[in-house]
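Engineer: Provided herewith: query_38.txt, compact mmCIF, C-alpha atoms.
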```
# COMPACT_ATOMS: atom_id res chain seq x y z
CA SER A 837 -23.54 11.46 4.41
CA GLY A 838 -23.98 8.18 6.22
CA TRP A 839 -22.34 6.16 3.43
CA LEU A 840 -20.64 3.77 5.84
CA TRP A 841 -23.78 2.93 7.75
CA ALA A 842 -26.02 2.08 4.78
CA PRO A 843 -26.29 -1.75 4.72
CA SER A 844 -26.17 -1.79 0.92
CA ASN A 845 -22.67 -0.30 1.13
CA TRP A 846 -21.26 -2.69 3.71
CA PRO A 847 -19.70 -4.98 1.08
CA ASP A 848 -17.81 -1.99 -0.35
CA GLY A 849 -16.48 -1.03 3.08
CA LEU A 850 -15.58 -4.62 3.88
CA LEU A 851 -13.81 -5.07 0.55
CA LEU A 852 -11.83 -1.90 1.11
CA ALA A 853 -10.95 -3.02 4.66
CA GLY A 854 -9.99 -6.44 3.30
CA SER A 855 -7.63 -4.92 0.78
CA ALA A 856 -5.88 -2.98 3.54
CA LEU A 857 -5.81 -5.74 6.16
CA TYR A 858 -4.80 -8.54 3.79
CA GLY A 859 -2.13 -6.30 2.29
CA LEU A 860 -0.72 -5.36 5.70
CA ASN A 861 -0.54 -9.00 6.76
CA GLY A 862 1.00 -10.02 3.46
CA GLY A 863 3.61 -7.30 3.95
CA ILE A 864 4.47 -8.49 7.44
CA PHE A 865 4.91 -12.07 6.26
CA PHE A 866 6.77 -10.98 3.11
CA ILE A 867 9.37 -9.17 5.23
CA PHE A 868 9.86 -12.36 7.23
CA SER A 869 10.38 -14.34 4.02
CA ILE A 870 12.85 -12.00 2.35
CA CYS A 871 14.65 -10.38 5.27
CA VAL A 872 14.04 -11.66 8.80
CA MET A 873 14.40 -15.41 8.27
CA PRO A 874 17.43 -15.20 5.93
CA SER A 875 19.09 -12.92 8.50
CA LEU A 876 18.35 -15.32 11.34
CA ALA A 877 19.64 -18.23 9.26
CA ALA A 878 22.92 -16.34 8.75
CA VAL A 879 23.79 -16.11 12.45
CA SER A 880 24.56 -18.93 14.86
CA ASP A 881 21.71 -21.32 15.63
CA SER A 882 21.48 -20.19 19.26
CA GLU A 883 21.38 -16.51 18.25
CA GLY A 884 18.73 -17.15 15.59
CA ILE A 885 16.61 -19.15 18.01
CA GLU A 886 16.90 -16.57 20.76
CA VAL A 887 15.93 -13.70 18.46
CA MET A 888 13.02 -15.67 16.95
CA GLN A 889 11.76 -16.51 20.42
CA LYS A 890 11.84 -12.79 21.23
CA ILE A 891 10.09 -11.90 17.95
CA ASN A 892 7.35 -14.44 18.70
CA ASP A 893 6.80 -12.76 22.08
CA VAL A 894 6.95 -9.18 20.82
CA ILE A 895 4.65 -9.72 17.83
CA GLN A 896 1.82 -10.69 20.14
CA ASN A 897 0.63 -7.12 20.60
CA ALA A 898 -2.55 -5.14 20.05
CA TRP A 899 -1.50 -3.72 16.67
CA PHE A 900 -0.62 -7.09 15.17
CA PHE A 901 -3.77 -8.70 16.59
CA LEU A 902 -5.90 -5.83 15.26
CA VAL A 903 -4.58 -6.38 11.73
CA PHE A 904 -4.42 -10.19 11.86
CA PHE A 905 -7.78 -10.85 13.52
CA GLY A 906 -9.35 -7.77 11.93
CA GLY A 907 -8.79 -9.48 8.60
CA PHE A 908 -10.37 -12.65 9.98
CA PHE A 909 -13.50 -10.89 11.26
CA GLN A 910 -13.70 -8.78 8.10
CA GLY A 911 -13.51 -11.99 6.07
CA ILE A 912 -16.25 -13.68 8.10
CA ALA A 913 -18.49 -10.59 7.84
CA LEU A 914 -17.93 -10.34 4.09
CA LEU A 915 -18.54 -14.06 3.59
CA THR A 916 -21.77 -13.80 5.58
CA ILE A 917 -23.05 -10.84 3.55
CA LEU A 918 -22.01 -12.32 0.20
CA LEU A 919 -23.50 -15.73 0.96
CA ARG A 920 -26.76 -14.06 2.00
CA GLN A 921 -26.80 -12.17 -1.30
CA GLY A 922 -26.21 -15.36 -3.24
CA LYS A 923 -26.24 -15.39 -7.01
CA SER A 924 -28.79 -12.59 -7.04
CA ALA A 925 -26.02 -10.14 -6.10
CA ARG A 926 -26.01 -7.03 -8.26
CA LYS A 927 -22.79 -8.11 -9.95
CA TYR A 928 -21.97 -11.81 -9.90
CA VAL A 929 -18.33 -11.26 -10.91
CA TYR A 930 -17.81 -8.95 -7.91
CA TRP A 931 -19.44 -11.56 -5.68
CA LYS A 932 -17.03 -14.31 -6.83
CA TYR A 933 -13.96 -12.11 -6.34
CA GLY A 934 -15.15 -10.94 -2.92
CA LEU A 935 -15.90 -14.48 -1.80
CA SER A 936 -12.54 -15.70 -3.10
CA SER A 937 -10.67 -12.90 -1.29
CA SER A 938 -12.17 -13.89 2.07
CA LEU A 939 -11.52 -17.58 1.49
CA CYS A 940 -7.90 -16.84 0.54
CA TYR A 941 -7.31 -14.94 3.75
CA ILE A 942 -9.19 -17.28 6.08
CA GLY A 943 -7.86 -20.48 4.52
CA GLY A 944 -4.45 -19.39 3.32
CA CYS A 945 -3.47 -17.06 6.13
CA ILE A 946 -5.46 -17.81 9.28
CA LEU A 947 -5.57 -21.61 8.98
CA VAL A 948 -1.95 -21.88 7.81
CA THR A 949 -0.84 -19.68 10.71
CA VAL A 950 -2.87 -21.63 13.28
CA PHE A 951 -1.98 -25.12 12.05
CA ALA A 952 1.51 -24.70 10.55
CA ASN A 953 3.32 -21.68 11.98
CA VAL A 954 2.02 -21.27 15.55
CA PRO A 955 2.69 -24.91 16.57
CA ARG A 956 6.30 -24.49 15.43
CA ASN A 957 6.52 -21.16 17.29
CA ASN A 958 5.22 -22.85 20.44
CA ALA A 959 7.68 -25.73 20.11
CA LEU A 960 10.57 -23.30 19.65
CA ALA A 961 9.43 -21.19 22.62
CA GLY A 962 9.92 -24.11 25.00
CA MET A 963 13.50 -24.85 23.92
CA ASP A 964 16.81 -23.76 25.37
CA PRO A 965 18.49 -21.83 22.50
CA SER A 966 21.89 -23.31 23.37
CA SER A 967 20.74 -26.96 23.31
CA ASN A 968 21.51 -29.43 20.53
CA GLU A 969 17.80 -30.30 20.39
CA ALA A 970 16.93 -26.65 19.66
CA ALA A 971 19.67 -26.34 17.04
CA THR A 972 18.45 -29.45 15.23
CA TYR A 973 14.83 -28.28 15.39
CA TRP A 974 15.87 -24.84 14.17
CA ARG A 975 17.72 -26.16 11.12
CA GLU A 976 15.54 -29.14 10.20
CA GLU A 977 12.07 -27.86 11.03
CA TYR A 978 11.92 -24.12 11.56
CA LEU A 979 14.22 -22.78 8.84
CA THR A 980 12.63 -25.17 6.37
CA LYS A 981 8.97 -25.97 7.08
CA TRP A 982 8.08 -22.81 9.03
CA VAL A 983 9.60 -20.70 6.26
CA VAL A 984 7.78 -22.62 3.50
CA TRP A 985 4.45 -22.16 5.28
CA ASN A 986 5.28 -18.48 5.74
CA HIS A 987 5.72 -18.19 1.96
CA VAL A 988 2.32 -19.86 1.52
CA ARG A 989 0.50 -17.47 3.85
CA THR A 990 2.30 -14.51 2.27
CA ALA A 991 1.08 -15.54 -1.18
CA PHE A 992 -2.49 -16.05 0.02
CA CYS A 993 -2.56 -12.67 1.79
CA ILE A 994 -1.35 -10.92 -1.34
CA LEU A 995 -3.79 -12.85 -3.52
CA GLY A 996 -6.62 -11.99 -1.09
CA CYS A 997 -5.63 -8.33 -1.25
CA ILE A 998 -5.65 -8.37 -5.05
CA LEU A 999 -9.00 -10.19 -5.22
CA SER A 1000 -10.58 -7.85 -2.68
CA THR A 1001 -9.35 -4.82 -4.62
CA VAL A 1002 -10.66 -6.25 -7.90
CA ALA A 1003 -14.04 -7.03 -6.29
CA PHE A 1004 -14.20 -3.49 -4.89
CA HIS A 1005 -13.51 -2.09 -8.35
CA LEU A 1006 -15.99 -4.42 -10.07
CA ASN A 1007 -18.69 -3.40 -7.64
CA GLY A 1008 -18.74 -0.02 -9.33
CA VAL A 1009 -16.37 1.95 -7.15
CA SER A 1010 -13.17 2.83 -8.93
CA SER A 1011 -11.53 5.20 -6.46
CA PRO A 1012 -11.11 4.81 -2.69
CA ALA A 1013 -11.55 8.59 -2.44
CA SER A 1014 -15.15 8.18 -3.60
CA VAL A 1015 -16.03 5.94 -0.66
CA VAL A 1016 -14.71 8.00 2.21
CA PRO A 1017 -17.80 8.63 4.35
CA SER A 1018 -18.70 12.15 5.37
CA PHE A 1019 -19.53 12.47 9.03
```
Would you mind giving the structure from this file in structure tokens?

Structural biologist:
Amino acid sequence: SGWLWAPSNWPDGLLLAGSALYGLNGGIFFIFSICVMPSLAAVSDSEGIEVMQKINDVIQNAWFFLVFFGGFFQGIALLTILLRQGKSARKYVYWKYGLSSSLCYIGGCILVTVFANVPRNNALAGMDPSSNEAATYWREEYLTKWVVWNHVRTAFCILGCILSTVAFHLNGVSSPASVVPSF
């Protein structure tokens, strides 16, 4: 009883949340890499641009922001706790994996999204899908560089998920069922 609220258990809860949030984000980006972007590349430039513009509008919703920014705030909270524990943490290996998981997500997902993907989304949003300028941008910038950066953030989300799960396990909890708090 009260498992979740005991400060000594916060890293466990944050690691478990990180595994879920990083995995969900990695899944979203993975689907873009293997399905959405190849499909948009297979239709006419104007159709691909128009659909991507719509996707970029629709994805800005409470559920996506909860998962995307939830992972960010979870990562910051975990980093803060782990850095306060320092090398005196009960299990140094768990500490390194937990720290690495947060850094993967913050650096490889959040920063890549903010500095590589969102600027390209914003540039595309301001273009007329039927213009030659938009078609050139679509082929030479979006379907190449945006997609490459999407692969990068996908890989970092998945790596963060794996590292968070390993850290959770190394911290002495082997089954998520054993950490479900009783209220």

Engineer: What's around Phe865 in chain A at 9 Å? Count all atoms listed in the file, leave out sequence neighbours fewer than 6 positions away in its own chain, and write the answer as a ChimeraX atom specification.

Structural biologist: /A:986-987,989-990,993

Engineer: Please, could you write that set of residues out with C-alpha atoms as a compact mmCIF listing (two decimals), in the frame of the given file?

Structural biologist:
```
# COMPACT_ATOMS: atom_id res chain seq x y z
CA ASN A 986 5.28 -18.48 5.74
CA HIS A 987 5.72 -18.19 1.96
CA ARG A 989 0.50 -17.47 3.85
CA THR A 990 2.30 -14.51 2.27
CA CYS A 993 -2.56 -12.67 1.79
```

Engineer: Mind pulling up the distance from CA of Tyr978 in chain A to CA of Leu902 in chain A?

Structural biologist: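 Computed distance, CA of Leu902 in chain A to CA of Tyr978 in chain A, equals 25.8 Å.
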
Engineer: May I ask which of the residues A:Arg956, A:Lys932, A:Val984, A:Ile867 is the closest one to Ala970 in chain A, counting only C-alpha atoms?

Structural biologist: A:Arg956

Engineer: Identify the residues around (-17.0, -7.8, 0.7) within a radius of 9 Å, measuring from all atoms listed in the file in the coordinates stated by the file, and give them as a list in words.

Structural biologist: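 Every polymer residue passing the test: Trp846, Pro847, Asp848, Gly849, Leu850, Leu851, Leu852, Ala853, Gly854, Gln910, Gly911, Ala913, Leu914, Leu915, Ile917, Leu918, Tyr930, Trp931, Tyr933, Gly934, Leu935, Ser937, Ser938, Ser1000, Ala1003 and Phe1004 of chain A.
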
Engineer: What does the structure give for the distance between CA of Ser966 in chain A and CA of Ser882 in chain A, in Å to one decimal?

Structural biologist: 5.2 Å

Engineer: Residues at most 10 Å from Ala877 in chain A, counting only C-alpha atoms, excluding those fewer than 3 positions away in the same chain, as an MDAnalysis selection string?

Structural biologist: chainID A and resid 872:874 880:881 883:885 974:975 978:979

Engineer: Using all atoms listed in the file, which residue out of A:Phe866, A:Trp982, A:Tyr973, A:Tyr941 lies closest to Asn953 in chain A?

Structural biologist: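 Ranked by minimum distance to Asn953 in chain A, first place goes to A:Trp982.
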
Engineer: Quick check, in Å to one decimal: how far apart do CA of Cys940 in chain A and CA of Ile895 in chain A lie?

Structural biologist: 22.5 Å

Engineer: Could you tell me which of A:Ala878, A:Val929, A:Cys871, A:Ile994 comes closest to Ala856 in chain A if we count all atoms listed in the file?

Structural biologist: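 Looking at the shortest contact to Ala856 in chain A, the residue is A:Ile994.
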